[in-house]
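Student: This one is input19.txt, compact mmCIF, C-alpha atoms and all ligand atoms.
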```
# COMPACT_ATOMS: atom_id res chain seq x y z
CA MET B 1 2.73 9.84 -20.55
CA ILE B 2 5.91 7.82 -21.04
CA THR B 3 6.91 5.53 -18.20
CA PRO B 4 10.70 5.27 -17.97
CA ARG B 5 11.93 1.76 -18.79
CA HIS B 6 14.33 1.90 -15.87
CA ILE B 7 13.85 3.91 -12.69
CA ALA B 8 16.64 3.89 -10.11
CA ILE B 9 16.15 5.30 -6.63
CA ILE B 10 18.67 6.49 -4.06
CA MET B 11 16.53 6.02 -0.97
CA ASP B 12 17.98 8.61 1.38
CA GLY B 13 16.96 10.36 4.57
CA ASN B 14 15.86 7.53 6.90
CA GLY B 15 18.11 8.68 9.73
CA ARG B 16 16.99 12.33 9.53
CA TRP B 17 13.35 11.25 9.43
CA ALA B 18 13.81 9.37 12.71
CA LYS B 19 15.86 12.13 14.32
CA LYS B 20 13.14 14.71 13.57
CA ARG B 21 10.82 12.53 15.64
CA ASN B 22 13.35 12.00 18.43
CA HIS B 23 13.64 8.34 17.53
CA GLN B 24 16.72 6.25 16.92
CA ARG B 25 17.85 6.04 13.29
CA VAL B 26 16.67 2.44 13.04
CA TYR B 27 13.02 3.60 13.12
CA GLY B 28 13.69 5.50 9.94
CA HIS B 29 15.07 2.37 8.32
CA ILE B 30 12.02 0.35 9.42
CA ARG B 31 9.65 2.93 7.94
CA GLY B 32 11.88 3.21 4.88
CA ALA B 33 11.56 -0.52 4.22
CA LYS B 34 7.76 -0.20 4.22
CA VAL B 35 7.94 2.70 1.78
CA ALA B 36 10.21 0.64 -0.48
CA TYR B 37 7.47 -1.97 -0.62
CA ASP B 38 4.81 0.64 -1.57
CA ILE B 39 7.02 2.06 -4.31
CA ILE B 40 7.80 -1.41 -5.72
CA LYS B 41 4.05 -2.06 -5.89
CA SER B 42 3.43 1.28 -7.63
CA CYS B 43 6.14 0.56 -10.19
CA VAL B 44 4.51 -2.79 -10.97
CA GLU B 45 1.17 -1.03 -11.43
CA LEU B 46 2.81 1.54 -13.72
CA SER B 47 4.44 -1.25 -15.79
CA VAL B 48 7.97 -0.05 -15.09
CA GLU B 49 10.25 -2.68 -16.64
CA ASN B 50 13.22 -2.16 -14.31
CA LEU B 51 13.40 -0.72 -10.81
CA THR B 52 16.72 -0.49 -9.01
CA LEU B 53 16.84 0.45 -5.34
CA PHE B 54 20.12 1.62 -3.81
CA ALA B 55 19.88 0.04 -0.37
CA PHE B 56 23.47 -0.20 0.93
CA SER B 57 26.60 1.34 -0.55
CA THR B 58 30.22 0.20 -0.37
CA GLU B 59 30.75 3.29 1.81
CA ASN B 60 27.93 2.51 4.26
CA TRP B 61 30.26 0.11 6.15
CA LYS B 62 31.72 3.28 7.66
CA ARG B 63 28.61 3.63 9.85
CA PRO B 64 28.61 2.45 13.48
CA GLN B 65 28.62 -1.32 13.65
CA HIS B 66 25.26 -1.46 15.46
CA GLU B 67 23.57 0.49 12.63
CA VAL B 68 25.09 -1.78 9.98
CA SER B 69 23.96 -4.90 11.79
CA LEU B 70 20.45 -3.49 12.32
CA LEU B 71 20.27 -2.75 8.60
CA MET B 72 21.29 -6.34 7.86
CA THR B 73 18.70 -7.70 10.30
CA LEU B 74 16.03 -5.59 8.60
CA LEU B 75 17.16 -6.83 5.21
CA ILE B 76 16.86 -10.44 6.39
CA LYS B 77 13.32 -9.80 7.62
CA TYR B 78 12.42 -8.04 4.40
CA LEU B 79 13.79 -10.75 2.14
CA LYS B 80 11.94 -13.42 4.14
CA ASN B 81 8.61 -11.59 4.25
CA GLU B 82 8.44 -10.27 0.71
CA GLN B 83 9.35 -13.46 -1.15
CA LYS B 84 5.72 -14.50 -1.72
CA LYS B 85 4.77 -11.00 -2.84
CA LEU B 86 7.57 -10.92 -5.39
CA ASN B 87 6.02 -13.96 -7.01
CA LYS B 88 2.50 -12.59 -6.66
CA TYR B 89 3.56 -9.53 -8.66
CA ASN B 90 5.51 -11.61 -11.20
CA ILE B 91 8.71 -9.74 -10.23
CA ARG B 92 12.15 -11.03 -11.13
CA PHE B 93 14.54 -10.27 -8.28
CA HIS B 94 18.21 -9.39 -8.83
CA THR B 95 21.08 -7.88 -6.89
CA ILE B 96 24.10 -5.86 -7.87
CA GLY B 97 27.10 -5.18 -5.64
CA ASN B 98 29.40 -7.58 -3.87
CA PRO B 99 27.36 -9.97 -1.73
CA ARG B 100 30.38 -11.71 -0.24
CA LEU B 101 30.84 -9.19 2.56
CA LEU B 102 27.18 -9.44 3.57
CA PRO B 103 26.14 -11.78 6.41
CA LYS B 104 25.76 -15.44 5.34
CA GLU B 105 22.03 -15.41 6.02
CA VAL B 106 21.56 -12.40 3.74
CA GLN B 107 23.59 -14.10 1.01
CA GLU B 108 21.47 -17.25 1.27
CA LEU B 109 18.20 -15.32 1.18
CA LEU B 110 19.36 -13.34 -1.84
CA ILE B 111 20.07 -16.56 -3.71
CA GLU B 112 16.72 -17.97 -2.58
CA ASN B 113 14.84 -14.89 -3.84
CA ILE B 114 16.73 -14.82 -7.14
CA GLU B 115 16.07 -18.55 -7.66
CA SER B 116 12.40 -18.48 -6.70
CA THR B 117 11.64 -15.55 -9.04
CA LYS B 118 13.86 -16.43 -11.99
CA ASN B 119 11.00 -17.64 -14.21
CA ASN B 120 8.84 -14.58 -13.57
CA THR B 121 8.30 -12.36 -16.57
CA GLY B 122 7.34 -9.01 -15.01
CA MET B 123 9.40 -6.18 -13.58
CA ASN B 124 13.11 -6.62 -12.85
CA LEU B 125 13.60 -5.50 -9.26
CA THR B 126 17.26 -5.01 -8.39
CA PHE B 127 18.57 -4.34 -4.91
CA ALA B 128 21.95 -2.59 -4.98
CA LEU B 129 23.64 -4.01 -1.88
CA ASN B 130 27.23 -3.36 -0.95
CA TYR B 131 27.20 -1.65 -4.33
CA GLY B 132 29.62 1.05 -5.49
CA GLY B 133 29.88 2.34 -9.05
CA ARG B 134 33.67 2.55 -8.90
CA GLN B 135 33.96 -0.99 -7.54
CA GLU B 136 31.71 -2.22 -10.35
CA VAL B 137 33.99 -0.57 -12.93
CA ILE B 138 37.11 -1.99 -11.22
CA ASP B 139 35.62 -5.51 -11.26
CA SER B 140 34.71 -5.32 -14.93
CA VAL B 141 38.13 -3.93 -15.91
CA LYS B 142 39.72 -6.89 -14.08
CA LYS B 143 37.50 -9.37 -15.95
CA ILE B 144 38.31 -7.73 -19.28
CA ALA B 145 42.04 -7.87 -18.48
CA GLU B 146 41.75 -11.58 -17.59
CA ASP B 147 39.92 -12.33 -20.85
CA ILE B 148 42.58 -10.47 -22.86
CA LYS B 149 45.33 -12.36 -21.01
CA HIS B 150 43.71 -15.70 -21.90
CA ASN B 151 43.14 -14.65 -25.53
CA ARG B 152 39.35 -14.71 -25.17
CA LEU B 153 39.30 -11.04 -26.11
CA ASP B 154 41.42 -8.55 -28.01
CA SER B 155 42.00 -5.02 -26.73
CA SER B 156 40.58 -3.72 -30.04
CA ASP B 157 37.21 -5.29 -29.02
CA ILE B 158 36.82 -2.80 -26.15
CA ASN B 159 33.95 -0.41 -26.80
CA GLU B 160 30.87 0.84 -24.97
CA GLN B 161 28.83 -2.29 -25.65
CA LEU B 162 31.62 -4.54 -24.43
CA ILE B 163 32.09 -2.59 -21.21
CA ASN B 164 28.31 -2.64 -20.67
CA SER B 165 28.33 -6.39 -21.04
CA TYR B 166 30.98 -6.78 -18.30
CA LEU B 167 29.09 -4.67 -15.77
CA GLN B 168 26.76 -6.28 -13.23
CA SER B 169 23.97 -4.19 -14.71
CA ALA B 170 24.43 -5.82 -18.14
CA PHE B 171 20.91 -7.26 -18.11
CA MET B 172 19.16 -3.89 -17.76
CA PRO B 173 19.01 -0.74 -19.86
CA ASP B 174 20.63 2.40 -18.42
CA PRO B 175 18.39 4.17 -15.90
CA GLU B 176 16.34 6.80 -17.68
CA LEU B 177 15.29 8.38 -14.40
CA ILE B 178 17.31 8.51 -11.18
CA ILE B 179 15.39 9.74 -8.13
CA ARG B 180 17.13 10.82 -4.94
CA THR B 181 15.19 11.78 -1.86
CA SER B 182 16.12 13.95 1.16
CA ASN B 183 17.24 16.95 -0.89
CA GLU B 184 20.78 15.65 -1.35
CA ARG B 185 22.01 16.22 -4.88
CA ARG B 186 24.75 13.73 -5.51
CA LEU B 187 25.23 10.22 -6.84
CA SER B 188 27.16 8.90 -3.81
CA ASN B 189 28.94 6.38 -6.07
CA PHE B 190 25.73 5.00 -7.62
CA PHE B 191 25.57 3.95 -11.30
CA LEU B 192 28.56 6.08 -12.38
CA TRP B 193 28.83 4.58 -15.86
CA GLN B 194 25.11 3.99 -16.37
CA ALA B 195 24.03 7.54 -15.43
CA ALA B 196 25.72 9.13 -18.47
CA TYR B 197 22.35 10.31 -19.87
CA SER B 198 19.99 9.73 -16.96
CA GLU B 199 17.49 12.37 -15.98
CA PHE B 200 17.76 13.30 -12.29
CA TYR B 201 14.86 14.07 -9.99
CA PHE B 202 15.64 15.36 -6.52
CA SER B 203 12.86 15.24 -3.98
CA ASP B 204 12.83 17.25 -0.74
CA LYS B 205 10.96 14.42 0.95
CA LEU B 206 12.88 12.17 3.29
CA TRP B 207 12.59 8.57 2.05
CA PRO B 208 10.11 7.42 4.76
CA ASP B 209 7.78 10.24 3.60
CA PHE B 210 8.11 9.44 -0.12
CA SER B 211 4.78 8.22 -1.49
CA PRO B 212 3.41 6.74 -4.71
CA SER B 213 2.12 10.23 -5.62
CA ASP B 214 5.69 11.58 -5.29
CA LEU B 215 6.76 8.85 -7.68
CA THR B 216 4.08 9.96 -10.14
CA LYS B 217 5.31 13.56 -9.80
CA ALA B 218 8.83 12.41 -10.67
CA ILE B 219 7.53 10.59 -13.76
CA VAL B 220 5.48 13.63 -14.85
CA ASP B 221 8.60 15.79 -14.44
CA PHE B 222 10.60 13.25 -16.46
CA ASN B 223 8.06 13.63 -19.25
CA SER B 224 8.69 17.38 -19.41
CA ARG B 225 12.41 16.93 -20.05
CA ASN B 226 13.92 17.50 -23.46
CA ARG B 227 16.35 14.63 -23.85
CA ARG B 228 18.82 15.56 -26.56
CA PHE B 229 21.67 13.10 -25.98
CA GLY B 230 24.06 15.69 -27.37
CA GLY B 231 22.04 16.20 -30.53
CA LEU B 232 19.29 18.66 -31.41
CA THR B 233 15.58 18.02 -31.10
CA GLU B 234 14.18 21.28 -32.56
CA PRO B 235 13.77 21.24 -36.38
CA GLN B 236 16.61 23.32 -37.84
CA PRO B 237 16.24 25.94 -40.65
CA PRO B 238 17.96 25.00 -43.91
CA PRO B 239 21.65 25.92 -43.85
CA GLN B 240 22.48 29.48 -45.03
CA PRO B 241 25.57 30.21 -47.12
CA MET B 242 28.52 30.65 -44.74
CA ARG B 243 29.64 34.22 -44.08
CA ASN B 244 32.96 35.16 -42.69
CA ILE B 245 32.37 34.57 -38.97
CA HIS B 246 34.52 37.57 -38.16
CA GLY B 247 32.02 39.87 -39.95
C1 LIG Z 301 19.30 5.95 3.62
O1 LIG Z 301 19.05 6.74 4.73
C2 LIG Z 301 19.47 4.49 3.96
C3 LIG Z 301 20.85 4.00 3.83
C4 LIG Z 301 21.86 4.68 3.38
C5 LIG Z 301 21.07 2.62 4.21
P1 LIG Z 301 20.22 7.27 5.63
O2 LIG Z 301 20.52 6.26 6.69
O3 LIG Z 301 21.39 7.67 4.80
O4 LIG Z 301 19.57 8.54 6.30
P2 LIG Z 301 20.23 9.96 6.49
O5 LIG Z 301 20.73 10.40 5.16
O6 LIG Z 301 21.32 9.80 7.49
O7 LIG Z 301 19.11 10.82 7.00
C1 LIG Z 302 23.53 6.77 -0.44
O1 LIG Z 302 23.13 7.41 0.72
C2 LIG Z 302 23.46 5.29 -0.28
C3 LIG Z 302 22.14 4.73 -0.15
C4 LIG Z 302 20.99 5.38 -0.22
C5 LIG Z 302 22.11 3.31 0.03
P1 LIG Z 302 24.17 7.88 1.83
O2 LIG Z 302 23.39 8.50 2.92
O3 LIG Z 302 25.07 6.77 2.19
O4 LIG Z 302 25.03 8.96 1.02
P2 LIG Z 302 25.89 10.19 1.52
O5 LIG Z 302 26.80 9.70 2.60
O6 LIG Z 302 24.94 11.21 2.04
O7 LIG Z 302 26.61 10.66 0.30
MG MG Z 303 21.96 9.39 3.90
```
Go through the file and emit its structure as structure tokens.
Ligand code: IPE
Ligand code: IPE
Ligand code: MG
Tutor:
Amino acid sequence: MITPRHIAIIMDGNGRWAKKRNHQRVYGHIRGAKVAYDIIKSCVELSVENLTLFAFSTENWKRPQHEVSLLMTLLIKYLKNEQKKLNKYNIRFHTIGNPRLLPKEVQELLIENIESTKNNTGMNLTFALNYGGRQEVIDSVKKIAEDIKHNRLDSSDINEQLINSYLQSAFMPDPELIIRTSNERRLSNFFLWQAAYSEFYFSDKLWPDFSPSDLTKAIVDFNSRNRRFGGLTEPQPPPQPMRNIHG
């Protein structure tokens, strides 16, 4: 079985999970954070090279202020508690998205986690925080424009590789497998450029119910896909002389 080099997960359904149990949405986020830990551990055990977790989108600011601040408080707790474990599992921690709008304490902890894991050689774990695919493209277009303006780049240099290198995700390969839980079937502004040839796996499970065995199911399903990248994978018969296609 092939393990995808990069798995990205849209962890969705925390609020619905809590609502089903007559709890406030925050309980879903608390349980969701625990599940994130279990899935990180499973990915390490499966030797996944890159795991990206979509944790907070540029659109999630639209939620009630008390939910946003509870999410930030949870994130602070998580980043404080898991630091040792990241090192124990030889994980290199990264973030994508704009950290500047996040609370100062979150920003500091992110830097601390990135710094303390930078010499690790195992899995790249990336938290997408205040991340939006369109914003990422806008930011890279701005940087390219600046470099052209200052003659560090010529417009004829612009190609796929160059754009890749200006994205925040430049250090990782494109996600081979994107998993979304909670039976929603959309990207919600995640990895717009990078998902060009990703395989999608949609799980009915709400994120707090997603388990390591669901992750294995997603990987098994990934292995059954025929990835053609626009080409052909079946061996083709030798070409026949062309007949008039109109008969
Ligand atoms: C995903 O769960 C977590 C975040 C987006 C932060 P939701 O909070 O979106 O849960 P639902 O989709 O409302 O159930
Ligand atoms: C996507 O989930 C963002 C994260 C999982 C962080 P949302 O719950 O925000 O997406 P929509 O609103 O259903 O599209
Ligand atoms: Mg949701």
Student: So which one's closest to B:Glu45, B:Ser140, B:Leu206, B:Val220, B:Asn90? Using all atoms listed in the file, please.
Tutor: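 Of the candidates, the smallest distance to B:Glu45 is held by B:Asn90.
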Student: Got a sec to check which residues lie within 10 Å of ligand LIG 302 (chain Z), using only C-alpha atoms and all ligand atoms, and send them as an mmCIF file with C-alpha atoms, in the frame of the given file?
Tutor:
```
data_model
loop_
_atom_site.group_PDB
_atom_site.id
_atom_site.type_symbol
_atom_site.label_atom_id
_atom_site.label_comp_id
_atom_site.auth_asym_id
_atom_site.auth_seq_id
_atom_site.Cartn_x
_atom_site.Cartn_y
_atom_site.Cartn_z
ATOM 1 C CA ILE B 9 16.150 5.300 -6.630
ATOM 2 C CA ILE B 10 18.670 6.490 -4.060
ATOM 3 C CA MET B 11 16.530 6.020 -0.970
ATOM 4 C CA ASP B 12 17.980 8.610 1.380
ATOM 5 C CA GLY B 13 16.960 10.360 4.570
ATOM 6 C CA ASN B 14 15.860 7.530 6.900
ATOM 7 C CA GLY B 15 18.110 8.680 9.730
ATOM 8 C CA ARG B 16 16.990 12.330 9.530
ATOM 9 C CA LEU B 53 16.840 0.450 -5.340
ATOM 10 C CA PHE B 54 20.120 1.620 -3.810
ATOM 11 C CA ALA B 55 19.880 0.040 -0.370
ATOM 12 C CA PHE B 56 23.470 -0.200 0.930
ATOM 13 C CA SER B 57 26.600 1.340 -0.550
ATOM 14 C CA THR B 58 30.220 0.200 -0.370
ATOM 15 C CA GLU B 59 30.750 3.290 1.810
ATOM 16 C CA ASN B 60 27.930 2.510 4.260
ATOM 17 C CA TRP B 61 30.260 0.110 6.150
ATOM 18 C CA LYS B 62 31.720 3.280 7.660
ATOM 19 C CA ARG B 63 28.610 3.630 9.850
ATOM 20 C CA PHE B 127 18.570 -4.340 -4.910
ATOM 21 C CA ALA B 128 21.950 -2.590 -4.980
ATOM 22 C CA LEU B 129 23.640 -4.010 -1.880
ATOM 23 C CA ASN B 130 27.230 -3.360 -0.950
ATOM 24 C CA TYR B 131 27.200 -1.650 -4.330
ATOM 25 C CA GLY B 132 29.620 1.050 -5.490
ATOM 26 C CA ARG B 180 17.130 10.820 -4.940
ATOM 27 C CA THR B 181 15.190 11.780 -1.860
ATOM 28 C CA SER B 182 16.120 13.950 1.160
ATOM 29 C CA GLU B 184 20.780 15.650 -1.350
ATOM 30 C CA ARG B 185 22.010 16.220 -4.880
ATOM 31 C CA ARG B 186 24.750 13.730 -5.510
ATOM 32 C CA LEU B 187 25.230 10.220 -6.840
ATOM 33 C CA SER B 188 27.160 8.900 -3.810
ATOM 34 C CA ASN B 189 28.940 6.380 -6.070
ATOM 35 C CA PHE B 190 25.730 5.000 -7.620
ATOM 36 C CA TRP B 207 12.590 8.570 2.050
#
```
Student: Which residue gives the smallest distance to B:Ile39 among B:Thr52, B:Asn226, B:Gln135, B:Thr3, with all atoms listed in the file counted?
Tutor: B:Thr52
Student: Kindly extract all protein, DNA and RNA residues lying within 10 Å of the coordinates (11.4, -9.3, -19.2) given in the file, considering only C-alpha atoms, and supply them as a ChimeraX atom specification.
Tutor: /B:49-50,91-92,119-124,171-172
Student: I'd like the neighbourhood of stretch 105-117 of chain B as a PyMOL selection string, where a residue qualifies if any of its atoms comes within 7 Å (using all atoms listed in the file), though same-chain residues fewer than 3 positions away should be ignored.
Tutor: chain B and resi 76+79+83+87+91-94+99+102+120
Student: Go through B:Met1, B:Ala218, B:Cys43, B:Leu74 and flag the residue nearest ligand LIG 301 (chain Z), using only C-alpha atoms and all ligand atoms for the distances.
Tutor: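 Result for the nearest residue to ligand LIG 301 (chain Z): B:Leu74.
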Student: List as a list in words: which residues have an atom within 12 Å of (5.5, 1.0, -1.7), counting all atoms listed in the file?
Tutor: Arg31, Gly32, Ala33, Lys34, Val35, Ala36, Tyr37, Asp38, Ile39, Ile40, Lys41, Ser42, Cys43, Val44, Glu45, Leu53, Glu82, Trp207, Pro208, Asp209, Phe210, Ser211, Pro212, Ser213, Asp214 and Leu215 of chain B
Student: For B:Ala8, which residue out of B:Leu177, B:Ile138, B:Leu101, B:Ala196 is the nearest one, using all atoms listed in the file?
Tutor: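 Ranking B:Leu177, B:Ile138, B:Leu101, B:Ala196 by distance to B:Ala8, first place goes to B:Leu177.
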Student: All heavy atoms for stretch 182-193 of chain B, written as a PDB file, keeping the file's coordinate frame, could you do that?
Tutor:
```
ATOM      1  N   SER B 182      15.500  13.268   0.012  1.00  0.00           N
ATOM      2  CA  SER B 182      16.120  13.950   1.160  1.00  0.00           C
ATOM      3  C   SER B 182      16.910  15.188   0.759  1.00  0.00           C
ATOM      4  O   SER B 182      17.723  15.672   1.541  1.00  0.00           O
ATOM      5  CB  SER B 182      16.982  12.999   2.010  1.00  0.00           C
ATOM      6  OG  SER B 182      18.284  12.853   1.464  1.00  0.00           O
ATOM      7  N   ASN B 183      16.644  15.690  -0.451  1.00  0.00           N
ATOM      8  CA  ASN B 183      17.240  16.950  -0.890  1.00  0.00           C
ATOM      9  C   ASN B 183      18.759  16.913  -1.004  1.00  0.00           C
ATOM     10  O   ASN B 183      19.405  17.964  -0.981  1.00  0.00           O
ATOM     11  CB  ASN B 183      16.792  18.084   0.043  1.00  0.00           C
ATOM     12  CG  ASN B 183      16.803  19.423  -0.669  1.00  0.00           C
ATOM     13  OD1 ASN B 183      16.777  19.470  -1.909  1.00  0.00           O
ATOM     14  ND2 ASN B 183      16.880  20.503   0.080  1.00  0.00           N
ATOM     15  N   GLU B 184      19.344  15.739  -1.066  1.00  0.00           N
ATOM     16  CA  GLU B 184      20.780  15.650  -1.350  1.00  0.00           C
ATOM     17  C   GLU B 184      20.907  15.526  -2.860  1.00  0.00           C
ATOM     18  O   GLU B 184      20.134  14.825  -3.495  1.00  0.00           O
ATOM     19  CB  GLU B 184      21.405  14.411  -0.688  1.00  0.00           C
ATOM     20  CG  GLU B 184      21.245  14.326   0.819  1.00  0.00           C
ATOM     21  CD  GLU B 184      22.038  15.380   1.570  1.00  0.00           C
ATOM     22  OE1 GLU B 184      22.756  16.188   0.927  1.00  0.00           O
ATOM     23  OE2 GLU B 184      21.916  15.425   2.806  1.00  0.00           O
ATOM     24  N   ARG B 185      21.893  16.216  -3.420  1.00  0.00           N
ATOM     25  CA  ARG B 185      22.010  16.220  -4.880  1.00  0.00           C
ATOM     26  C   ARG B 185      23.346  15.661  -5.311  1.00  0.00           C
ATOM     27  O   ARG B 185      24.214  16.368  -5.790  1.00  0.00           O
ATOM     28  CB  ARG B 185      21.795  17.647  -5.412  1.00  0.00           C
ATOM     29  CG  ARG B 185      20.339  18.047  -5.255  1.00  0.00           C
ATOM     30  CD  ARG B 185      20.109  19.520  -5.182  1.00  0.00           C
ATOM     31  NE  ARG B 185      18.770  19.746  -4.642  1.00  0.00           N
ATOM     32  CZ  ARG B 185      17.770  20.254  -5.338  1.00  0.00           C
ATOM     33  NH1 ARG B 185      17.938  20.614  -6.578  1.00  0.00           N
ATOM     34  NH2 ARG B 185      16.589  20.397  -4.777  1.00  0.00           N
ATOM     35  N   ARG B 186      23.517  14.397  -5.061  1.00  0.00           N
ATOM     36  CA  ARG B 186      24.750  13.730  -5.510  1.00  0.00           C
ATOM     37  C   ARG B 186      24.447  12.263  -5.788  1.00  0.00           C
ATOM     38  O   ARG B 186      23.427  11.730  -5.376  1.00  0.00           O
ATOM     39  CB  ARG B 186      25.854  13.877  -4.469  1.00  0.00           C
ATOM     40  CG  ARG B 186      25.466  13.398  -3.087  1.00  0.00           C
ATOM     41  CD  ARG B 186      26.618  13.497  -2.083  1.00  0.00           C
ATOM     42  NE  ARG B 186      26.135  13.269  -0.736  1.00  0.00           N
ATOM     43  CZ  ARG B 186      25.774  14.228   0.119  1.00  0.00           C
ATOM     44  NH1 ARG B 186      25.853  15.497  -0.228  1.00  0.00           N
ATOM     45  NH2 ARG B 186      25.331  13.917   1.329  1.00  0.00           N
ATOM     46  N   LEU B 187      25.408  11.629  -6.476  1.00  0.00           N
ATOM     47  CA  LEU B 187      25.230  10.220  -6.840  1.00  0.00           C
ATOM     48  C   LEU B 187      25.704   9.278  -5.734  1.00  0.00           C
ATOM     49  O   LEU B 187      25.291   8.123  -5.694  1.00  0.00           O
ATOM     50  CB  LEU B 187      25.999   9.902  -8.124  1.00  0.00           C
ATOM     51  CG  LEU B 187      25.269  10.096  -9.450  1.00  0.00           C
ATOM     52  CD1 LEU B 187      26.192   9.780 -10.609  1.00  0.00           C
ATOM     53  CD2 LEU B 187      24.022   9.211  -9.526  1.00  0.00           C
ATOM     54  N   SER B 188      26.607   9.756  -4.866  1.00  0.00           N
ATOM     55  CA  SER B 188      27.160   8.900  -3.810  1.00  0.00           C
ATOM     56  C   SER B 188      27.618   7.536  -4.366  1.00  0.00           C
ATOM     57  O   SER B 188      27.291   6.491  -3.795  1.00  0.00           O
ATOM     58  CB  SER B 188      26.166   8.720  -2.663  1.00  0.00           C
ATOM     59  OG  SER B 188      25.841   9.954  -2.095  1.00  0.00           O
ATOM     60  N   ASN B 189      28.326   7.601  -5.496  1.00  0.00           N
ATOM     61  CA  ASN B 189      28.940   6.380  -6.070  1.00  0.00           C
ATOM     62  C   ASN B 189      27.928   5.383  -6.639  1.00  0.00           C
ATOM     63  O   ASN B 189      28.194   4.189  -6.715  1.00  0.00           O
ATOM     64  CB  ASN B 189      29.843   5.718  -5.002  1.00  0.00           C
ATOM     65  CG  ASN B 189      30.886   4.799  -5.608  1.00  0.00           C
ATOM     66  OD1 ASN B 189      31.104   4.793  -6.822  1.00  0.00           O
ATOM     67  ND2 ASN B 189      31.524   3.994  -4.783  1.00  0.00           N
ATOM     68  N   PHE B 190      26.768   5.876  -7.030  1.00  0.00           N
ATOM     69  CA  PHE B 190      25.730   5.000  -7.620  1.00  0.00           C
ATOM     70  C   PHE B 190      25.808   5.096  -9.140  1.00  0.00           C
ATOM     71  O   PHE B 190      25.935   6.192  -9.693  1.00  0.00           O
ATOM     72  CB  PHE B 190      24.368   5.478  -7.118  1.00  0.00           C
ATOM     73  CG  PHE B 190      23.200   4.597  -7.504  1.00  0.00           C
ATOM     74  CD1 PHE B 190      23.251   3.218  -7.329  1.00  0.00           C
ATOM     75  CD2 PHE B 190      22.040   5.150  -8.017  1.00  0.00           C
ATOM     76  CE1 PHE B 190      22.164   2.419  -7.661  1.00  0.00           C
ATOM     77  CE2 PHE B 190      20.941   4.361  -8.346  1.00  0.00           C
ATOM     78  CZ  PHE B 190      21.010   3.000  -8.171  1.00  0.00           C
ATOM     79  N   PHE B 191      25.720   4.016  -9.842  1.00  0.00           N
ATOM     80  CA  PHE B 191      25.570   3.950 -11.300  1.00  0.00           C
ATOM     81  C   PHE B 191      26.411   4.995 -12.065  1.00  0.00           C
ATOM     82  O   PHE B 191      25.889   5.736 -12.924  1.00  0.00           O
ATOM     83  CB  PHE B 191      24.093   4.146 -11.661  1.00  0.00           C
ATOM     84  CG  PHE B 191      23.279   2.865 -11.647  1.00  0.00           C
ATOM     85  CD1 PHE B 191      21.881   2.904 -11.675  1.00  0.00           C
ATOM     86  CD2 PHE B 191      23.888   1.624 -11.627  1.00  0.00           C
ATOM     87  CE1 PHE B 191      21.123   1.730 -11.679  1.00  0.00           C
ATOM     88  CE2 PHE B 191      23.136   0.443 -11.628  1.00  0.00           C
ATOM     89  CZ  PHE B 191      21.757   0.509 -11.651  1.00  0.00           C
ATOM     90  N   LEU B 192      27.704   5.040 -11.770  1.00  0.00           N
ATOM     91  CA  LEU B 192      28.560   6.080 -12.380  1.00  0.00           C
ATOM     92  C   LEU B 192      28.591   5.981 -13.895  1.00  0.00           C
ATOM     93  O   LEU B 192      28.469   6.975 -14.592  1.00  0.00           O
ATOM     94  CB  LEU B 192      29.976   5.982 -11.813  1.00  0.00           C
ATOM     95  CG  LEU B 192      30.115   6.238 -10.314  1.00  0.00           C
ATOM     96  CD1 LEU B 192      31.570   6.203  -9.912  1.00  0.00           C
ATOM     97  CD2 LEU B 192      29.487   7.568  -9.937  1.00  0.00           C
ATOM     98  N   TRP B 193      28.756   4.785 -14.403  1.00  0.00           N
ATOM     99  CA  TRP B 193      28.830   4.580 -15.860  1.00  0.00           C
ATOM    100  C   TRP B 193      27.439   4.707 -16.477  1.00  0.00           C
ATOM    101  O   TRP B 193      27.244   5.352 -17.509  1.00  0.00           O
ATOM    102  CB  TRP B 193      29.441   3.181 -16.120  1.00  0.00           C
ATOM    103  CG  TRP B 193      29.322   2.683 -17.529  1.00  0.00           C
ATOM    104  CD1 TRP B 193      28.267   2.007 -18.065  1.00  0.00           C
ATOM    105  CD2 TRP B 193      30.280   2.825 -18.583  1.00  0.00           C
ATOM    106  NE1 TRP B 193      28.496   1.711 -19.383  1.00  0.00           N
ATOM    107  CE2 TRP B 193      29.746   2.195 -19.726  1.00  0.00           C
ATOM    108  CE3 TRP B 193      31.552   3.402 -18.673  1.00  0.00           C
ATOM    109  CZ2 TRP B 193      30.410   2.130 -20.937  1.00  0.00           C
ATOM    110  CZ3 TRP B 193      32.218   3.333 -19.894  1.00  0.00           C
ATOM    111  CH2 TRP B 193      31.653   2.707 -20.999  1.00  0.00           C
TER     112      TRP B 193
END
```
